[in-house]
Amino acid sequence: MTDTISRQVGAFGRFGQKSAQSDLRVQKLIESTVENGFVVIQNAFTEAEIEEAKAELLRLSRTPQAGPAAERGRNPFEGLSTQRIYALIDKSRVFDKFALHPDVLALNDYFLEPGFLLNAYHSINIRPGEDPQTLHHDDGHINVPRPHNPFGAAIMVALDPYTETNGATVVIPKSHKWGSDRLPDRSETIPIIMPSGSIVYFLGTLWHGGGANTSTSDRRALTVQYCQPWMRPFENQILAVGWEKLDQIPPRLVDMLGYKVGAPFVGYVDGTSPTRAVGALLERYKNEAPRASKI
């Protein structure tokens, strides 16, 4: 019935339908993720792109834009010796490309439904002395018995090399297949070892966590999280990203912020698209501002 309604309201025209992956390399990434719950994409970004991101994070960290967790985490889960800068899409165009890597989008096209959304996007700097993060799966707040299809997926982009001692993300391979009665033990984890510029992609059903940093160096990374198009994202992108900036952001990424009506008609505003509604609001504010200044 849902397909019939989606066809009637034109949702398939907006998003298309899932098709078989013809790229053999992408198919291998999919197969590895199906089997293990995660896959590493080596050297996904250039050294220049990584250095640019690190420089931009340093610049942001010295401004009021850095946000509430830029100096240290506010609770053990964030990490009391971990620095985070949230809402990166609002703060710099430097970070757009990391959310739009073609391999990641292809994996999302397979594991998530058309119109998947940006769930959260921020930097994570695990500093020396940080404790291991509580093991978790990103779908853990959803009260649906496991095993189940993923409600989301995530990537970590290594800005520094991931090593066994500097807080590399740890995962439990194949744990995305576990039932609700199976809980993890830290002895089952393995660290994701990868050079800077690489990506680890994992499903929202995979048990994982940040590792302990017993080294003398920071471990900087970007995390981009995606979710099904009918879910409420962790980060409210409609408010996190300034409306006046939408024209500067790649259209695909704007859609992922929630500005494209989902199938069959999830997220509309007064019977039309959020993009059109925001445009009307901006125009109204622009017209009202001169009048207000004269009062």
# chains A, B, ... in the order shown; residues from 1 in each chain; ligands from 1
>>> residues_around(residues="segment 88-104 of chain A", least_positions_apart="4", cutoff="9 Å", atoms="only C-alpha atoms", output="JSON, numbers by chain")
{"A": [26, 29, 41, 44, 45, 49, 52, 53, 56, 60, 65, 66, 108, 109, 118, 121, 122, 123, 155, 157, 199, 201, 222, 223, 224, 225, 237, 240, 241, 242, 245, 248, 249, 250, 252, 253]}
>>> select_by_dssp(residues="segment 104-241 of chain A", states="strand (DSSP E or B)", output="VMD selection string")
chain A and resid 117 to 126 136 152 to 158 162 166 170 to 171 190 to 191 194 199 to 203 208 to 209 213 219 to 227
>>> closest_residue(among="A:Gly262, A:Gly152, A:Pro251, A:Pro64", to="His176 of chain A", atoms="only C-alpha atoms")
A:Gly152
>>> closest_residue(among="A:Gln27, A:Arg182, A:Gly197, A:Arg72", to="Pro145 of chain A", atoms="only C-alpha atoms")
A:Arg182
>>> residues_around(residues="Thr169 of chain A", least_positions_apart="2", cutoff="6 Å", atoms="only C-alpha atoms", output="VMD selection string")
chain A and resid 191 to 192 209 to 211
>>> closest_residue(among="A:Ala87, A:Ser187, A:Phe116, A:Asp131", to="Tyr259 of chain A", atoms="only C-alpha atoms")
A:Phe116
>>> select_by_dssp(residues="segment 176-221 of chain A", states="helix (DSSP H, G or I)", output="number ranges by chain")
A: 176-177, 186-188
>>> write_last_selection(atoms="all heavy atoms", output="CSV table (one decimal), in the first residue's frame")
chain,number,residue,atom,x,y,z
A,176,HIS,N,26.1,-6.7,14.9
A,176,HIS,CA,24.8,-6.1,14.3
A,176,HIS,C,23.8,-7.2,14.2
A,176,HIS,O,22.6,-6.9,14.0
A,176,HIS,CB,25.1,-5.4,13.0
A,176,HIS,CG,25.6,-6.3,11.9
A,176,HIS,ND1,26.7,-7.1,12.0
A,176,HIS,CD2,25.1,-6.6,10.7
A,176,HIS,CE1,26.9,-7.8,10.9
A,176,HIS,NE2,25.9,-7.5,10.1
A,177,LYS,N,24.2,-8.4,14.2
A,177,LYS,CA,23.2,-9.6,14.1
A,177,LYS,C,22.7,-10.1,15.4
A,177,LYS,O,21.8,-11.0,15.5
A,177,LYS,CB,23.9,-10.7,13.3
A,177,LYS,CG,24.5,-10.3,12.0
A,177,LYS,CD,25.2,-11.5,11.3
A,177,LYS,CE,25.8,-11.1,10.0
A,177,LYS,NZ,26.6,-12.2,9.4
A,186,ARG,N,33.9,-6.0,26.7
A,186,ARG,CA,35.0,-5.3,26.0
A,186,ARG,C,36.1,-6.2,25.4
A,186,ARG,O,36.7,-5.8,24.5
A,186,ARG,CB,35.6,-4.3,27.0
A,186,ARG,CG,36.4,-3.2,26.3
A,186,ARG,CD,36.7,-2.0,27.2
A,186,ARG,NE,35.4,-1.3,27.5
A,186,ARG,CZ,34.9,-0.4,26.7
A,186,ARG,NH1,35.5,-0.1,25.5
A,186,ARG,NH2,33.8,0.3,27.0
A,187,SER,N,36.2,-7.4,25.9
A,187,SER,CA,37.2,-8.3,25.4
A,187,SER,C,36.8,-8.7,24.0
A,187,SER,O,37.7,-9.2,23.3
A,187,SER,CB,37.3,-9.5,26.3
A,187,SER,OG,36.1,-10.3,26.3
A,188,GLU,N,35.6,-8.5,23.6
A,188,GLU,CA,35.2,-8.9,22.2
A,188,GLU,C,35.5,-7.8,21.2
A,188,GLU,O,35.3,-8.0,20.0
A,188,GLU,CB,33.7,-9.2,22.2
A,188,GLU,CG,33.2,-10.3,23.1
A,188,GLU,CD,31.7,-10.4,23.2
A,188,GLU,OE1,31.1,-9.6,23.9
A,188,GLU,OE2,31.2,-11.3,22.4
>>> residues_around(residues="Thr216 of chain A", least_positions_apart="4", cutoff="12 Å", atoms="only C-alpha atoms", output="list in words")
Ile126, Arg127, Pro128, Gly129, Glu130, Thr163, Thr165, Asn166, Gly167 and Ala212 of chain A
>>> write_last_selection(atoms="N, CA and C atoms", output="PDB file, in the first residue's frame")
ATOM      1  N   ILE A 126      39.569  12.879  20.802  1.00  0.00           N
ATOM      2  CA  ILE A 126      39.834  12.098  22.013  1.00  0.00           C
ATOM      3  C   ILE A 126      41.258  12.413  22.468  1.00  0.00           C
ATOM      4  N   ARG A 127      41.370  13.041  23.613  1.00  0.00           N
ATOM      5  CA  ARG A 127      42.653  13.529  24.097  1.00  0.00           C
ATOM      6  C   ARG A 127      43.356  12.475  24.959  1.00  0.00           C
ATOM      7  N   PRO A 128      44.671  12.603  25.122  1.00  0.00           N
ATOM      8  CA  PRO A 128      45.408  11.648  25.956  1.00  0.00           C
ATOM      9  C   PRO A 128      44.813  11.539  27.355  1.00  0.00           C
ATOM     10  N   GLY A 129      44.714  10.316  27.831  1.00  0.00           N
ATOM     11  CA  GLY A 129      44.162  10.059  29.157  1.00  0.00           C
ATOM     12  C   GLY A 129      42.678   9.769  29.170  1.00  0.00           C
ATOM     13  N   GLU A 130      42.007   9.873  28.025  1.00  0.00           N
ATOM     14  CA  GLU A 130      40.569   9.610  27.981  1.00  0.00           C
ATOM     15  C   GLU A 130      40.281   8.131  28.211  1.00  0.00           C
ATOM     16  N   THR A 163      45.195   4.356  15.782  1.00  0.00           N
ATOM     17  CA  THR A 163      46.138   3.353  16.267  1.00  0.00           C
ATOM     18  C   THR A 163      45.524   2.575  17.425  1.00  0.00           C
ATOM     19  N   THR A 165      46.446   2.604  20.401  1.00  0.00           N
ATOM     20  CA  THR A 165      46.594   3.266  21.701  1.00  0.00           C
ATOM     21  C   THR A 165      46.013   4.674  21.765  1.00  0.00           C
ATOM     22  N   ASN A 166      45.606   5.264  20.634  1.00  0.00           N
ATOM     23  CA  ASN A 166      45.223   6.681  20.683  1.00  0.00           C
ATOM     24  C   ASN A 166      43.715   6.939  20.691  1.00  0.00           C
ATOM     25  N   GLY A 167      42.920   5.911  21.012  1.00  0.00           N
ATOM     26  CA  GLY A 167      41.477   6.119  21.091  1.00  0.00           C
ATOM     27  C   GLY A 167      40.727   5.748  19.834  1.00  0.00           C
ATOM     28  N   ALA A 212      40.070   3.919  24.548  1.00  0.00           N
ATOM     29  CA  ALA A 212      40.870   4.668  25.512  1.00  0.00           C
ATOM     30  C   ALA A 212      42.087   5.251  24.803  1.00  0.00           C
TER      31      ALA A 212
END
>>> closest_residue(among="A:Arg220, A:His136, A:Arg232, A:Arg284", to="Phe151 of chain A", atoms="only C-alpha atoms")
A:Arg232
>>> closest_residue(among="A:Glu235, A:Glu283, A:Glu47, A:Glu288", to="Gly258 of chain A", atoms="only C-alpha atoms")
A:Glu235
>>> atom_distance(atom1="atom CA of Leu112 of chain A", atom2="atom CA of Pro150 of chain A")
7.5 Å
>>> atom_distance(atom1="atom CA of Ser273 of chain A", atom2="atom CA of Val261 of chain A")
5.8 Å
>>> atom_distance(atom1="atom CA of Asn43 of chain A", atom2="atom CA of Ser196 of chain A")
7.1 Å
>>> closest_residue(among="A:Ala106, A:Val40, A:Met194, A:Pro274", to="Asp23 of chain A", atoms="only C-alpha atoms")
A:Ala106
>>> decode(residues="segment 166-179 of chain A", atoms="N, CA, C and O atoms", output="compact mmCIF listing (two decimals), in the first residue's frame")
# COMPACT_ATOMS: atom_id res chain seq x y z
N ASN A 166 45.61 5.26 20.63
CA ASN A 166 45.22 6.68 20.68
C ASN A 166 43.71 6.94 20.69
O ASN A 166 43.26 8.05 20.40
N GLY A 167 42.92 5.91 21.01
CA GLY A 167 41.48 6.12 21.09
C GLY A 167 40.73 5.75 19.83
O GLY A 167 39.60 6.22 19.62
N ALA A 168 41.33 4.91 19.00
CA ALA A 168 40.64 4.45 17.80
C ALA A 168 39.28 3.84 18.17
O ALA A 168 39.13 3.19 19.21
N THR A 169 38.30 4.06 17.32
CA THR A 169 36.98 3.44 17.50
C THR A 169 37.15 1.93 17.60
O THR A 169 37.89 1.33 16.81
N VAL A 170 36.48 1.32 18.55
CA VAL A 170 36.49 -0.14 18.66
C VAL A 170 35.12 -0.67 18.26
O VAL A 170 34.10 -0.02 18.48
N VAL A 171 35.11 -1.82 17.64
CA VAL A 171 33.87 -2.45 17.19
C VAL A 171 33.87 -3.91 17.58
O VAL A 171 34.92 -4.50 17.85
N ILE A 172 32.68 -4.49 17.60
CA ILE A 172 32.54 -5.94 17.77
C ILE A 172 31.99 -6.48 16.45
O ILE A 172 30.80 -6.30 16.14
N PRO A 173 32.86 -7.09 15.66
CA PRO A 173 32.40 -7.60 14.35
C PRO A 173 31.22 -8.54 14.49
O PRO A 173 31.15 -9.34 15.44
N LYS A 174 30.28 -8.40 13.59
CA LYS A 174 29.09 -9.24 13.48
C LYS A 174 28.06 -9.00 14.59
O LYS A 174 27.02 -9.66 14.63
N SER A 175 28.33 -8.04 15.48
CA SER A 175 27.39 -7.81 16.58
C SER A 175 26.10 -7.15 16.12
O SER A 175 25.13 -7.10 16.87
N HIS A 176 26.07 -6.67 14.88
CA HIS A 176 24.83 -6.11 14.34
C HIS A 176 23.75 -7.17 14.17
O HIS A 176 22.57 -6.85 14.00
N LYS A 177 24.16 -8.45 14.23
CA LYS A 177 23.22 -9.56 14.08
C LYS A 177 22.70 -10.07 15.42
O LYS A 177 21.84 -10.96 15.45
N TRP A 178 23.19 -9.53 16.51
CA TRP A 178 22.82 -10.04 17.83
C TRP A 178 21.37 -9.71 18.16
O TRP A 178 20.81 -8.72 17.71
N GLY A 179 20.80 -10.55 19.01
CA GLY A 179 19.48 -10.28 19.55
C GLY A 179 19.55 -9.36 20.74
O GLY A 179 20.65 -9.00 21.22
